[in-house]
file input.tsv (TSV, C-alpha atoms)
chain	number	residue	atom	x	y	z
A	1	MET	CA	-30.57	-16.32	-38.51
A	2	CYS	CA	-29.54	-19.85	-37.57
A	3	ARG	CA	-26.58	-19.67	-39.93
A	4	ARG	CA	-25.48	-16.38	-38.36
A	5	VAL	CA	-25.69	-17.82	-34.85
A	6	PHE	CA	-23.69	-20.84	-36.00
A	7	VAL	CA	-20.97	-18.61	-37.49
A	8	LEU	CA	-20.74	-16.53	-34.32
A	9	LEU	CA	-20.56	-19.65	-32.17
A	10	LEU	CA	-17.84	-21.12	-34.39
A	11	ALA	CA	-15.83	-17.89	-34.16
A	12	PHE	CA	-16.18	-17.93	-30.38
A	13	LEU	CA	-14.95	-21.51	-30.20
A	14	LEU	CA	-12.01	-20.77	-32.47
A	15	ILE	CA	-10.90	-17.84	-30.31
A	16	LEU	CA	-11.45	-19.53	-26.94
A	17	PRO	CA	-8.74	-22.22	-27.08
A	18	ILE	CA	-5.98	-19.73	-27.94
A	19	SER	CA	-6.89	-17.35	-25.13
A	20	ALA	CA	-7.56	-20.17	-22.68
A	21	THR	CA	-4.16	-21.67	-23.44
A	22	ALA	CA	-2.45	-18.36	-22.67
A	23	TYR	CA	-4.20	-18.15	-19.32
A	24	ALA	CA	-3.64	-21.84	-18.59
A	25	GLN	CA	0.11	-21.26	-18.71
A	26	SER	CA	-0.06	-18.61	-16.01
A	27	THR	CA	1.78	-18.92	-12.70
A	28	LEU	CA	0.17	-18.92	-9.26
A	29	VAL	CA	1.58	-15.97	-7.29
A	30	SER	CA	3.75	-16.98	-4.36
A	31	ASP	CA	2.63	-14.29	-1.90
A	32	PRO	CA	-0.79	-12.77	-2.63
A	33	TYR	CA	-0.42	-10.44	0.36
A	34	ASP	CA	2.69	-8.76	-1.05
A	35	ILE	CA	2.00	-5.07	-1.71
A	36	LEU	CA	3.91	-5.49	-4.98
A	37	VAL	CA	2.12	-8.66	-6.08
A	38	LEU	CA	1.87	-8.79	-9.88
A	39	VAL	CA	-1.49	-10.09	-11.06
A	40	ASN	CA	-2.11	-10.17	-14.82
A	41	ARG	CA	-2.63	-12.69	-17.62
A	42	ASP	CA	0.60	-14.45	-16.68
A	43	ASN	CA	0.19	-14.44	-12.91
A	44	ARG	CA	-2.93	-15.52	-11.06
A	45	LEU	CA	-4.42	-15.66	-7.57
A	46	SER	CA	-5.92	-18.82	-6.16
A	47	GLN	CA	-9.67	-19.24	-6.29
A	48	ASP	CA	-9.81	-19.20	-2.47
A	49	PHE	CA	-7.78	-16.03	-1.89
A	50	TRP	CA	-9.76	-13.47	0.08
A	51	PRO	CA	-7.76	-10.87	2.06
A	52	GLY	CA	-9.05	-10.56	5.59
A	53	ASP	CA	-7.67	-7.10	6.42
A	54	MET	CA	-10.20	-5.00	4.48
A	55	ILE	CA	-12.09	-1.86	5.45
A	56	PRO	CA	-14.70	0.28	3.64
A	57	VAL	CA	-13.65	3.00	1.20
A	58	GLY	CA	-17.11	4.24	0.28
A	59	ASN	CA	-20.10	3.20	-1.80
A	60	GLY	CA	-20.11	-0.24	-0.16
A	61	GLN	CA	-16.64	-1.11	-1.50
A	62	LEU	CA	-13.69	-2.58	0.42
A	63	MET	CA	-9.90	-2.43	0.13
A	64	ARG	CA	-7.07	-3.85	2.20
A	65	TYR	CA	-6.50	-1.64	5.22
A	66	ARG	CA	-3.15	-0.21	4.12
A	67	ALA	CA	-4.37	0.61	0.61
A	68	ALA	CA	-7.70	1.81	1.96
A	69	ASN	CA	-6.17	4.23	4.42
A	70	ALA	CA	-3.86	5.59	1.74
A	71	PHE	CA	-6.81	6.01	-0.62
A	72	LEU	CA	-8.97	7.72	2.00
A	73	SER	CA	-6.11	10.06	2.85
A	74	MET	CA	-5.65	10.87	-0.84
A	75	GLN	CA	-9.39	11.42	-1.22
A	76	ARG	CA	-9.42	13.87	1.70
A	77	SER	CA	-6.65	15.87	0.04
A	78	MET	CA	-8.62	15.95	-3.21
A	79	ASN	CA	-11.75	17.04	-1.38
A	80	ALA	CA	-9.80	19.86	0.23
A	81	ASP	CA	-8.98	21.02	-3.31
A	82	GLY	CA	-12.66	20.93	-4.24
A	83	LEU	CA	-12.46	17.67	-6.22
A	84	PHE	CA	-14.73	14.72	-5.46
A	85	LEU	CA	-14.79	11.07	-6.48
A	86	THR	CA	-17.18	8.16	-6.64
A	87	VAL	CA	-15.79	4.69	-5.86
A	88	ARG	CA	-17.16	2.26	-8.43
A	89	SER	CA	-15.33	-0.92	-7.49
A	90	GLY	CA	-12.84	-2.12	-4.87
A	91	PHE	CA	-12.28	-5.73	-3.84
A	92	ARG	CA	-13.90	-8.42	-5.97
A	93	SER	CA	-13.91	-12.09	-5.10
A	94	TYR	CA	-13.00	-14.80	-7.59
A	95	GLU	CA	-16.67	-15.68	-8.02
A	96	THR	CA	-17.72	-12.07	-8.56
A	97	GLN	CA	-15.03	-11.65	-11.19
A	98	ARG	CA	-16.16	-14.83	-12.93
A	99	THR	CA	-19.73	-13.50	-13.13
A	100	ILE	CA	-18.56	-10.15	-14.50
A	101	PHE	CA	-16.31	-11.80	-17.07
A	102	ASN	CA	-18.94	-14.29	-18.24
A	103	ASN	CA	-21.53	-11.54	-18.63
A	104	ALA	CA	-19.08	-9.48	-20.68
A	105	VAL	CA	-18.38	-12.43	-22.97
A	106	ARG	CA	-22.09	-12.99	-23.53
A	107	ASN	CA	-22.76	-9.32	-24.21
A	108	GLN	CA	-19.75	-8.30	-26.29
A	109	GLY	CA	-17.86	-11.44	-27.31
A	110	LEU	CA	-14.67	-12.95	-25.95
A	111	ALA	CA	-12.11	-10.80	-27.76
A	112	SER	CA	-13.68	-7.53	-26.67
A	113	ALA	CA	-14.37	-8.76	-23.14
A	114	GLU	CA	-10.75	-9.72	-22.60
A	115	ARG	CA	-9.53	-6.25	-23.52
A	116	TRP	CA	-11.49	-4.79	-20.62
A	117	ILE	CA	-12.23	-7.55	-18.12
A	118	ALA	CA	-9.74	-9.90	-16.47
A	119	ARG	CA	-10.57	-13.57	-16.14
A	120	PRO	CA	-11.29	-14.78	-12.59
A	121	GLY	CA	-8.05	-15.15	-10.65
A	122	HIS	CA	-6.31	-12.66	-12.93
A	123	SER	CA	-7.96	-9.48	-11.64
A	124	GLU	CA	-6.14	-6.97	-9.48
A	125	HIS	CA	-9.43	-6.29	-7.73
A	126	GLN	CA	-9.11	-9.66	-5.97
A	127	THR	CA	-5.91	-8.43	-4.29
A	128	GLY	CA	-7.85	-5.74	-2.44
A	129	LEU	CA	-5.26	-3.21	-3.64
A	130	ALA	CA	-7.08	-1.80	-6.68
A	131	VAL	CA	-9.91	0.69	-6.97
A	132	ASP	CA	-12.02	1.99	-9.86
A	133	ILE	CA	-12.92	5.65	-9.38
A	134	LEU	CA	-14.79	8.28	-11.37
A	135	GLN	CA	-15.85	11.87	-10.92
A	136	ARG	CA	-18.71	12.28	-8.46
A	137	GLY	CA	-22.11	12.21	-10.05
A	138	PHE	CA	-21.33	9.92	-12.98
A	139	THR	CA	-23.65	6.93	-12.93
A	140	GLY	CA	-23.56	5.70	-16.51
A	141	SER	CA	-22.03	2.70	-18.20
A	142	PRO	CA	-19.65	1.79	-19.71
A	143	LEU	CA	-17.03	3.50	-17.61
A	144	SER	CA	-15.26	4.72	-20.75
A	145	SER	CA	-18.22	7.05	-21.40
A	146	ALA	CA	-17.25	9.02	-18.28
A	147	ARG	CA	-14.13	10.30	-20.06
A	148	PHE	CA	-12.45	10.40	-16.65
A	149	GLN	CA	-9.11	11.22	-18.28
A	150	THR	CA	-10.45	14.68	-19.19
A	151	THR	CA	-11.49	15.64	-15.66
A	152	PRO	CA	-9.70	17.79	-13.04
A	153	GLN	CA	-9.81	14.75	-10.75
A	154	PHE	CA	-7.69	12.74	-13.18
A	155	ALA	CA	-5.24	15.62	-13.60
A	156	TRP	CA	-4.87	15.83	-9.81
A	157	LEU	CA	-4.25	12.09	-9.55
A	158	HIS	CA	-1.70	12.22	-12.34
A	159	ARG	CA	0.31	14.79	-10.35
A	160	HIS	CA	-0.15	13.52	-6.81
A	161	ALA	CA	-1.26	9.87	-6.64
A	162	HIS	CA	2.29	8.53	-6.36
A	163	THR	CA	2.80	10.45	-3.11
A	164	TYR	CA	0.05	8.27	-1.63
A	165	GLY	CA	1.36	5.04	-3.17
A	166	PHE	CA	-0.97	4.75	-6.19
A	167	ILE	CA	-0.33	4.29	-9.91
A	168	MET	CA	-2.63	4.28	-12.91
A	169	ARG	CA	-2.37	0.63	-13.81
A	170	TYR	CA	-3.40	0.49	-17.47
A	171	PRO	CA	-2.07	3.39	-19.59
A	172	GLY	CA	-3.43	3.23	-23.13
A	173	GLU	CA	-0.19	3.06	-25.11
A	174	TYR	CA	1.01	-0.03	-23.22
A	175	GLU	CA	-1.83	-2.46	-23.86
A	176	HIS	CA	0.68	-4.81	-25.52
A	177	ILE	CA	2.40	-5.15	-22.12
A	178	THR	CA	-0.46	-4.96	-19.63
A	179	GLY	CA	-2.88	-6.97	-21.77
A	180	PHE	CA	-5.72	-4.52	-21.06
A	181	ALA	CA	-7.14	-1.44	-22.74
A	182	PHE	CA	-6.70	2.08	-21.37
A	183	GLU	CA	-8.48	2.40	-18.01
A	184	PRO	CA	-7.94	5.88	-16.52
A	185	TRP	CA	-10.30	4.95	-13.69
A	186	HIS	CA	-8.29	1.93	-12.44
A	187	TRP	CA	-5.69	2.81	-9.79
A	188	ARG	CA	-3.48	0.36	-7.92
A	189	TYR	CA	-1.76	0.75	-4.57
A	190	ILE	CA	1.92	-0.32	-4.55
A	191	GLY	CA	3.24	1.77	-1.65
A	192	VAL	CA	4.74	5.25	-1.59
A	193	GLU	CA	8.31	4.11	-2.12
A	194	SER	CA	7.62	2.11	-5.30
A	195	ALA	CA	5.07	4.54	-6.73
A	196	THR	CA	7.45	7.45	-6.22
A	197	TYR	CA	10.32	5.49	-7.77
A	198	MET	CA	8.18	4.77	-10.83
A	199	TRP	CA	7.20	8.43	-11.09
A	200	GLU	CA	10.70	9.80	-10.68
A	201	ASN	CA	12.31	7.30	-13.06
A	202	GLY	CA	9.75	7.38	-15.85
A	203	PHE	CA	8.20	3.94	-15.41
A	204	ARG	CA	4.67	3.94	-16.81
A	205	VAL	CA	3.94	0.23	-16.53
A	206	PHE	CA	3.98	-1.91	-13.40
A	207	GLU	CA	5.21	-4.99	-15.29
A	208	THR	CA	8.26	-3.07	-16.50
A	209	TYR	CA	8.99	-1.78	-13.02
A	210	ILE	CA	8.81	-5.28	-11.55
A	211	GLU	CA	11.24	-6.54	-14.20
A	212	HIS	CA	13.56	-3.63	-13.48
A	213	ARG	CA	13.34	-4.20	-9.76
A	214	ALA	CA	14.29	-7.87	-10.18
A	215	ALA	CA	17.14	-7.15	-12.60
A	216	ARG	CA	18.73	-4.02	-11.18
A	217	PRO	CA	21.98	-4.49	-9.24
A	218	PRO	CA	21.99	-3.80	-5.52
A	219	ALA	CA	22.29	-0.15	-4.62
A	220	PRO	CA	25.78	0.95	-3.60
A	221	PRO	CA	26.39	0.90	0.15
A	222	GLU	CA	25.12	3.96	1.95
A	223	PRO	CA	27.37	5.93	4.25
A	224	THR	CA	27.50	4.14	7.58
A	225	GLY	CA	27.19	7.33	9.58
A	226	PRO	CA	23.95	9.22	10.28
A	227	SER	CA	22.99	12.48	8.59
A	228	HIS	CA	24.61	15.60	10.03
A	229	TRP	CA	21.44	16.66	11.85
A	230	ALA	CA	21.16	13.29	13.63
A	231	VAL	CA	24.80	12.57	14.56
A	232	GLU	CA	24.71	13.83	18.14
A	233	GLN	CA	21.36	12.25	18.97
A	234	VAL	CA	22.20	8.89	17.40
A	235	GLU	CA	25.46	8.76	19.34
A	236	ALA	CA	23.58	9.62	22.54
A	237	ALA	CA	21.07	6.84	21.89
A	238	ILE	CA	23.83	4.30	21.32
A	239	THR	CA	25.57	5.42	24.50
A	240	ALA	CA	22.29	5.01	26.40
A	241	GLY	CA	22.03	1.43	25.12
A	242	LEU	CA	18.89	2.09	23.08
A	243	VAL	CA	20.14	0.93	19.66
A	244	PRO	CA	20.70	-2.78	18.94
A	245	ALA	CA	23.97	-3.50	17.14
A	246	HIS	CA	22.30	-4.51	13.88
A	247	LEU	CA	20.73	-1.06	13.60
A	248	GLN	CA	23.97	0.86	14.11
A	249	SER	CA	24.59	1.38	10.38
A	250	TYR	CA	22.81	2.40	7.17
A	251	TYR	CA	21.02	5.07	9.13
A	252	THR	CA	19.34	6.75	6.17
A	253	GLN	CA	17.59	3.66	4.84
A	254	VAL	CA	13.93	2.90	5.49
A	255	ILE	CA	13.29	1.13	8.77
A	256	THR	CA	11.18	-1.99	8.58
A	257	ARG	CA	8.36	-2.91	10.91
A	258	ALA	CA	10.50	-5.62	12.51
A	259	GLU	CA	13.47	-3.29	12.98
A	260	PHE	CA	11.28	-0.69	14.66
A	261	THR	CA	10.02	-3.29	17.13
A	262	ALA	CA	13.64	-4.02	18.06
A	263	LEU	CA	13.98	-0.38	19.14
A	264	VAL	CA	10.63	-0.58	20.94
A	265	VAL	CA	11.62	-3.64	22.95
A	266	THR	CA	15.08	-2.28	23.76
A	267	LEU	CA	13.61	0.94	25.19
A	268	TYR	CA	10.82	-0.81	27.07
A	269	GLU	CA	13.08	-3.41	28.68
A	270	SER	CA	15.69	-0.80	29.63
A	271	MET	CA	13.03	1.03	31.63
A	272	ARG	CA	10.51	-1.61	32.71
A	273	GLY	CA	12.35	-4.90	32.68
A	274	GLU	CA	12.14	-7.98	30.50
A	275	ILE	CA	8.99	-8.81	28.59
A	276	THR	CA	8.28	-12.45	29.39
A	277	GLY	CA	5.17	-13.06	27.28
A	278	ARG	CA	4.90	-13.67	23.54
A	279	SER	CA	2.24	-13.16	20.87
A	280	THR	CA	2.91	-15.02	17.65
A	281	PHE	CA	2.30	-14.37	13.95
A	282	THR	CA	2.29	-16.74	11.01
A	283	ASP	CA	4.89	-14.86	8.96
A	284	THR	CA	7.67	-14.18	11.48
A	285	ASP	CA	9.50	-15.79	14.41
A	286	ASP	CA	11.19	-12.54	15.40
A	287	GLU	CA	11.29	-12.47	19.20
A	288	ASN	CA	11.14	-8.68	19.37
A	289	VAL	CA	7.97	-8.68	17.28
A	290	GLN	CA	6.45	-11.31	19.56
A	291	LYS	CA	7.38	-9.32	22.68
A	292	ALA	CA	6.11	-5.98	21.36
A	293	ALA	CA	2.85	-7.58	20.27
A	294	TYR	CA	2.42	-9.17	23.70
A	295	ILE	CA	2.42	-5.74	25.37
A	296	ASP	CA	0.06	-4.49	22.62
A	297	VAL	CA	2.47	-1.91	21.24
A	298	VAL	CA	2.47	-3.41	17.73
A	299	ARG	CA	-0.28	-5.30	15.97
A	300	GLY	CA	-0.67	-7.38	12.82
A	301	VAL	CA	-1.89	-6.46	9.37
A	302	GLY	CA	-4.64	-9.08	9.18
A	303	GLU	CA	-4.82	-12.87	8.84
A	304	ASN	CA	-2.45	-13.10	11.86
A	305	ARG	CA	0.38	-11.66	9.74
A	306	PHE	CA	2.84	-8.97	10.80
A	307	ALA	CA	4.59	-8.10	7.48
A	308	PRO	CA	7.97	-7.70	9.21
A	309	GLU	CA	9.88	-6.52	6.13
A	310	GLU	CA	7.47	-3.77	5.11
A	311	GLY	CA	8.67	-0.21	5.55
A	312	LEU	CA	7.16	1.89	8.33
A	313	SER	CA	5.39	5.18	7.60
A	314	ARG	CA	5.60	8.21	9.87
A	315	GLU	CA	1.99	7.90	10.96
A	316	GLN	CA	2.48	4.20	11.78
A	317	ALA	CA	5.52	5.15	13.86
A	318	ALA	CA	3.44	7.75	15.71
A	319	VAL	CA	0.84	5.15	16.66
A	320	ILE	CA	3.46	2.71	17.95
A	321	LEU	CA	5.27	5.40	19.95
A	322	SER	CA	2.02	6.50	21.60
A	323	ARG	CA	1.16	2.90	22.50
A	324	LEU	CA	4.69	2.38	23.84
A	325	ALA	CA	4.31	5.34	26.20
A	326	ASP	CA	0.96	3.91	27.35
A	327	ALA	CA	2.54	0.49	27.90
A	328	MET	CA	5.15	2.10	30.15
A	329	ASP	CA	2.34	3.75	32.17
A	330	GLN	CA	3.38	7.22	31.05
A	331	PRO	CA	0.87	8.31	28.40
A	332	LEU	CA	1.75	11.24	26.18
A	333	PRO	CA	-0.23	14.50	26.33
A	334	ARG	CA	-3.69	14.00	24.79
A	335	GLU	CA	-3.65	17.00	22.50
A	336	ALA	CA	-4.80	17.41	18.91
A	337	ALA	CA	-2.23	17.78	16.16
A	338	THR	CA	-1.72	21.17	14.54
A	339	PHE	CA	0.24	20.18	11.45
A	340	ALA	CA	-0.72	21.97	8.25
A	341	ASP	CA	-1.31	18.65	6.47
A	342	PHE	CA	-3.23	17.04	9.32
A	343	ASP	CA	-6.16	16.34	6.98
A	344	SER	CA	-3.95	13.82	5.16
A	345	VAL	CA	-3.34	11.81	8.35
A	346	SER	CA	-5.31	8.54	8.42
A	347	ASP	CA	-8.19	8.46	10.90
A	348	TRP	CA	-6.65	5.58	12.86
A	349	ALA	CA	-3.44	7.62	13.40
A	350	ALA	CA	-4.93	11.06	14.05
A	351	ASP	CA	-4.91	10.91	17.86
A	352	ALA	CA	-1.41	9.44	18.03
A	353	VAL	CA	0.02	12.13	15.75
A	354	GLY	CA	-1.33	14.73	18.17
A	355	HIS	CA	0.21	12.87	21.10
A	356	VAL	CA	3.72	12.67	19.63
A	357	GLN	CA	3.60	16.27	18.44
A	358	ALA	CA	2.54	17.56	21.86
A	359	ALA	CA	5.33	15.58	23.53
A	360	GLY	CA	7.93	16.79	21.03
A	361	ILE	CA	8.77	13.23	20.02
A	362	MET	CA	7.92	13.62	16.34
A	363	ARG	CA	8.12	16.97	14.62
A	364	GLY	CA	7.32	18.37	11.21
A	365	VAL	CA	9.32	17.88	8.03
A	366	GLY	CA	9.16	21.53	6.94
A	367	ASP	CA	6.41	24.13	6.49
A	368	ASN	CA	4.69	22.57	9.52
A	369	ASN	CA	3.87	19.42	7.54
A	370	PHE	CA	3.90	15.96	9.11
A	371	ALA	CA	4.01	13.91	5.86
A	372	PRO	CA	2.14	10.96	7.39
A	373	GLN	CA	2.63	8.47	4.54
A	374	VAL	CA	6.34	9.18	4.05
A	375	VAL	CA	8.50	6.29	5.18
A	376	HIS	CA	10.43	6.48	8.44
A	377	THR	CA	14.22	6.01	8.37
A	378	ARG	CA	16.47	4.27	10.87
A	379	GLU	CA	17.99	7.51	12.12
A	380	GLU	CA	14.57	9.15	12.50
A	381	ALA	CA	13.35	6.14	14.46
A	382	ILE	CA	16.40	6.19	16.74
A	383	VAL	CA	15.99	9.91	17.40
A	384	THR	CA	12.31	9.53	18.30
A	385	MET	CA	13.14	6.72	20.70
A	386	LEU	CA	15.78	8.90	22.36
A	387	ARG	CA	13.27	11.72	22.79
A	388	LEU	CA	10.83	9.30	24.39
A	389	PHE	CA	13.65	8.08	26.67
A	390	TYR	CA	14.47	11.66	27.71
A	391	LEU	CA	10.92	12.49	28.78
A	392	GLU	CA	10.50	12.99	32.49
A	393	TRP	CA	8.79	9.84	33.68

call {"tool": "encode", "arguments": {"input": "input.tsv", "output": "structure tokens"}}
result
Amino acid sequence: MCRRVFVLLLAFLLILPISATAYAQSTLVSDPYDILVLVNRDNRLSQDFWPGDMIPVGNGQLMRYRAANAFLSMQRSMNADGLFLTVRSGFRSYETQRTIFNNAVRNQGLASAERWIARPGHSEHQTGLAVDILQRGFTGSPLSSARFQTTPQFAWLHRHAHTYGFIMRYPGEYEHITGFAFEPWHWRYIGVESATYMWENGFRVFETYIEHRAARPPAPPEPTGPSHWAVEQVEAAITAGLVPAHLQSYYTQVITRAEFTALVVTLYESMRGEITGRSTFTDTDDENVQKAAYIDVVRGVGENRFAPEEGLSREQAAVILSRLADAMDQPLPREAATFADFDSVSDWAADAVGHVQAAGIMRGVGDNNFAPQVVHTREEAIVTMLRLFYLEW
């Protein structure tokens, strides 16, 4: 028995330096709050990183607010189709991950543990953007015994998860790239735009998409004019002085959070006068952002950050437009939304979506659907501002 223990210990020590060296050469990520942050064996989070903008997603688990709201919206849609999930794991701290990893090494050996469990600092769970989910009612262990990949829930996710911004992070045939075994239960939020791009262009692995994103040439310039349906209204908004010069082009591209605040401030100041106060954030010096935050029309994303370059979703735009009307002392009608896909609207946006629908400021995208998580474009934002401007104050 002693000889066997000695042999096992020697094998463990022989394996450890090779694996430890690989991890030791990893790079500290530059922006852990980035929705597209890549965390794997080569890229690590600091021991102290703990996102502050987290909310519950069920079963005592937390995720960052943007990922959490997308997940909860996706879960509601699944529930409406008669499919139910159990959340097994959301955010994990560095220390929690270290405990899980060390226990796995003790119980199954280093080589096996590292196929399934990330070392501390190298786990996507620490980002607050990943979630482990299984069919409701499964309580066993290991997770692989749930055979989640054979369930209707998994089939639904495979078809629809990208429309909510999620990808299955560790497909089985790409372990040589991801570094981890097949985990059908592990889903990662990367935003609707990136998840849909991966889906439509056949990218199965996040690492490959990130490489492609970094290497691909810039997209060809878009037409400078607005879409045919928006031409008249965009021209009217420009004539009314509601569109800053830097937003008078590339009308079909996604509008960022900072760009939308420029429209907000322009409309507010044209009707109520200059905003003299400022509220500051740690990640932007944009004066329009500071002004809009001061009048409580826009807010941060946690940790006193604003994320100015992130795209804006339709439900986020609805919330800001409703607050803008309130700030101008002309609240929109307090009516409930009647969109066919209202169940997919996040709870924090539900009232505002009803307000903008009742006022005619934001309308459906076809078949009476609101498409809350779809990104807002410049021309759509300009048109909604014009409609708000035209309301009888």

call {"tool": "closest_residue", "arguments": {"input": "input.tsv", "among": "A:His186, A:Arg272, A:Lys291, A:Arg305", "to": "A:Tyr33", "atoms": "all atoms listed in the file"}}
result
A:Arg305

call {"tool": "closest_residue", "arguments": {"input": "input.tsv", "among": "A:Leu263, A:Val383, A:Ile55, A:Met63", "to": "A:Leu242", "atoms": "only C-alpha atoms"}}
result
A:Leu263

call {"tool": "residues_near_point", "arguments": {"input": "input.tsv", "point": "(-3.5, -9.2, -8.4)", "cutoff": "10 Å", "atoms": "all atoms listed in the file", "output": "short mmCIF file (atom, residue, chain, number, x, y, z; two decimals) with C-alpha atoms, keeping the file's coordinate frame"}}
result
data_model
loop_
_atom_site.label_atom_id
_atom_site.label_comp_id
_atom_site.auth_asym_id
_atom_site.auth_seq_id
_atom_site.Cartn_x
_atom_site.Cartn_y
_atom_site.Cartn_z
CA VAL A 29 1.58 -15.97 -7.29
CA PRO A 32 -0.79 -12.77 -2.63
CA TYR A 33 -0.42 -10.44 0.36
CA ASP A 34 2.69 -8.76 -1.05
CA ILE A 35 2.00 -5.07 -1.71
CA LEU A 36 3.91 -5.49 -4.98
CA VAL A 37 2.12 -8.66 -6.08
CA LEU A 38 1.87 -8.79 -9.88
CA VAL A 39 -1.49 -10.09 -11.06
CA ASN A 40 -2.11 -10.17 -14.82
CA ARG A 41 -2.63 -12.69 -17.62
CA ASN A 43 0.19 -14.44 -12.91
CA ARG A 44 -2.93 -15.52 -11.06
CA LEU A 45 -4.42 -15.66 -7.57
CA GLY A 121 -8.05 -15.15 -10.65
CA HIS A 122 -6.31 -12.66 -12.93
CA SER A 123 -7.96 -9.48 -11.64
CA GLU A 124 -6.14 -6.97 -9.48
CA HIS A 125 -9.43 -6.29 -7.73
CA GLN A 126 -9.11 -9.66 -5.97
CA THR A 127 -5.91 -8.43 -4.29
CA GLY A 128 -7.85 -5.74 -2.44
CA LEU A 129 -5.26 -3.21 -3.64
CA ALA A 130 -7.08 -1.80 -6.68
CA ARG A 188 -3.48 0.36 -7.92
#

call {"tool": "atom_distance", "arguments": {"input": "input.tsv", "atom1": "atom CA of A:Thr150", "atom2": "atom CA of A:Phe182"}}
result
13.3 Å

call {"tool": "residues_around", "arguments": {"input": "input.tsv", "residues": "stretch 310-318 of chain A", "least_positions_apart": "6", "cutoff": "9 Å", "atoms": "only C-alpha atoms", "output": "short mmCIF file (atom, residue, chain, number, x, y, z; two decimals) with C-alpha atoms, in the frame of the given file"}}
result
data_model
loop_
_atom_site.label_atom_id
_atom_site.label_comp_id
_atom_site.auth_asym_id
_atom_site.auth_seq_id
_atom_site.Cartn_x
_atom_site.Cartn_y
_atom_site.Cartn_z
CA ILE A 35 2.00 -5.07 -1.71
CA GLU A 193 8.31 4.11 -2.12
CA VAL A 254 13.93 2.90 5.49
CA ILE A 255 13.29 1.13 8.77
CA THR A 256 11.18 -1.99 8.58
CA ARG A 257 8.36 -2.91 10.91
CA ALA A 258 10.50 -5.62 12.51
CA PHE A 260 11.28 -0.69 14.66
CA VAL A 345 -3.34 11.81 8.35
CA SER A 346 -5.31 8.54 8.42
CA ALA A 349 -3.44 7.62 13.40
CA ALA A 350 -4.93 11.06 14.05
CA ALA A 352 -1.41 9.44 18.03
CA VAL A 353 0.02 12.13 15.75
CA GLY A 354 -1.33 14.73 18.17
CA HIS A 355 0.21 12.87 21.10
CA VAL A 356 3.72 12.67 19.63
CA GLN A 357 3.60 16.27 18.44
CA ILE A 361 8.77 13.23 20.02
CA MET A 362 7.92 13.62 16.34
CA PHE A 370 3.90 15.96 9.11
CA ALA A 371 4.01 13.91 5.86
CA PRO A 372 2.14 10.96 7.39
CA GLN A 373 2.63 8.47 4.54
CA VAL A 374 6.34 9.18 4.05
CA VAL A 375 8.50 6.29 5.18
CA HIS A 376 10.43 6.48 8.44
CA THR A 377 14.22 6.01 8.37
CA ALA A 381 13.35 6.14 14.46
#

call {"tool": "closest_residue", "arguments": {"input": "input.tsv", "among": "A:Phe101, A:Phe206, A:Asp286, A:Met198", "to": "A:Glu175", "atoms": "all atoms listed in the file"}}
result
A:Phe206

call {"tool": "closest_residue", "arguments": {"input": "input.tsv", "among": "A:Thr178, A:Thr196, A:Gln97, A:Gln290", "to": "A:His162", "atoms": "all atoms listed in the file"}}
result
A:Thr196

call {"tool": "atom_distance", "arguments": {"input": "input.tsv", "atom1": "atom CA of A:Phe84", "atom2": "atom CA of A:Gln135"}}
result
6.3 Å

call {"tool": "closest_residue", "arguments": {"input": "input.tsv", "among": "A:Gly277, A:Leu267, A:Arg334, A:Pro217", "to": "A:Ala237", "atoms": "all atoms listed in the file"}}
result
A:Leu267

call {"tool": "closest_residue", "arguments": {"input": "input.tsv", "among": "A:Phe91, A:Phe180, A:Phe71, A:Tyr189", "to": "A:Phe166", "atoms": "only C-alpha atoms"}}
result
A:Tyr189

call {"tool": "residues_around", "arguments": {"input": "input.tsv", "residues": "A:Gln233", "least_positions_apart": "4", "cutoff": "10 Å", "atoms": "all atoms listed in the file", "output": "list in words"}}
result
Pro226, Trp229, Ala237, Ile238, Thr239, Glu379, Glu380, Ile382, Val383, Thr384, Leu386 and Arg387 of chain A

call {"tool": "decode", "arguments": {"input": "input.tsv", "residues": "stretch 101-108 of chain A", "atoms": "N, CA and C atoms", "output": "PDB file, in the first residue's frame"}}
result
ATOM      1  N   PHE A 101     -11.360  23.265  -7.294  1.00  0.00           N
ATOM      2  CA  PHE A 101     -10.273  22.647  -8.047  1.00  0.00           C
ATOM      3  C   PHE A 101      -9.444  21.717  -7.162  1.00  0.00           C
ATOM      4  N   ASN A 102      -9.094  22.174  -5.975  1.00  0.00           N
ATOM      5  CA  ASN A 102      -8.287  21.350  -5.075  1.00  0.00           C
ATOM      6  C   ASN A 102      -9.014  20.065  -4.679  1.00  0.00           C
ATOM      7  N   ASN A 103     -10.308  20.164  -4.432  1.00  0.00           N
ATOM      8  CA  ASN A 103     -11.089  18.974  -4.100  1.00  0.00           C
ATOM      9  C   ASN A 103     -11.106  17.985  -5.264  1.00  0.00           C
ATOM     10  N   ALA A 104     -11.234  18.519  -6.485  1.00  0.00           N
ATOM     11  CA  ALA A 104     -11.248  17.648  -7.661  1.00  0.00           C
ATOM     12  C   ALA A 104      -9.911  16.936  -7.830  1.00  0.00           C
ATOM     13  N   VAL A 105      -8.811  17.640  -7.583  1.00  0.00           N
ATOM     14  CA  VAL A 105      -7.489  17.024  -7.688  1.00  0.00           C
ATOM     15  C   VAL A 105      -7.346  15.893  -6.678  1.00  0.00           C
ATOM     16  N   ARG A 106      -7.795  16.141  -5.456  1.00  0.00           N
ATOM     17  CA  ARG A 106      -7.703  15.112  -4.415  1.00  0.00           C
ATOM     18  C   ARG A 106      -8.541  13.892  -4.758  1.00  0.00           C
ATOM     19  N   ASN A 107      -9.710  14.125  -5.338  1.00  0.00           N
ATOM     20  CA  ASN A 107     -10.649  13.031  -5.568  1.00  0.00           C
ATOM     21  C   ASN A 107     -10.400  12.264  -6.861  1.00  0.00           C
ATOM     22  N   GLN A 108      -9.879  12.951  -7.888  1.00  0.00           N
ATOM     23  CA  GLN A 108      -9.768  12.278  -9.178  1.00  0.00           C
ATOM     24  C   GLN A 108      -8.413  12.424  -9.848  1.00  0.00           C
TER      25      GLN A 108
END
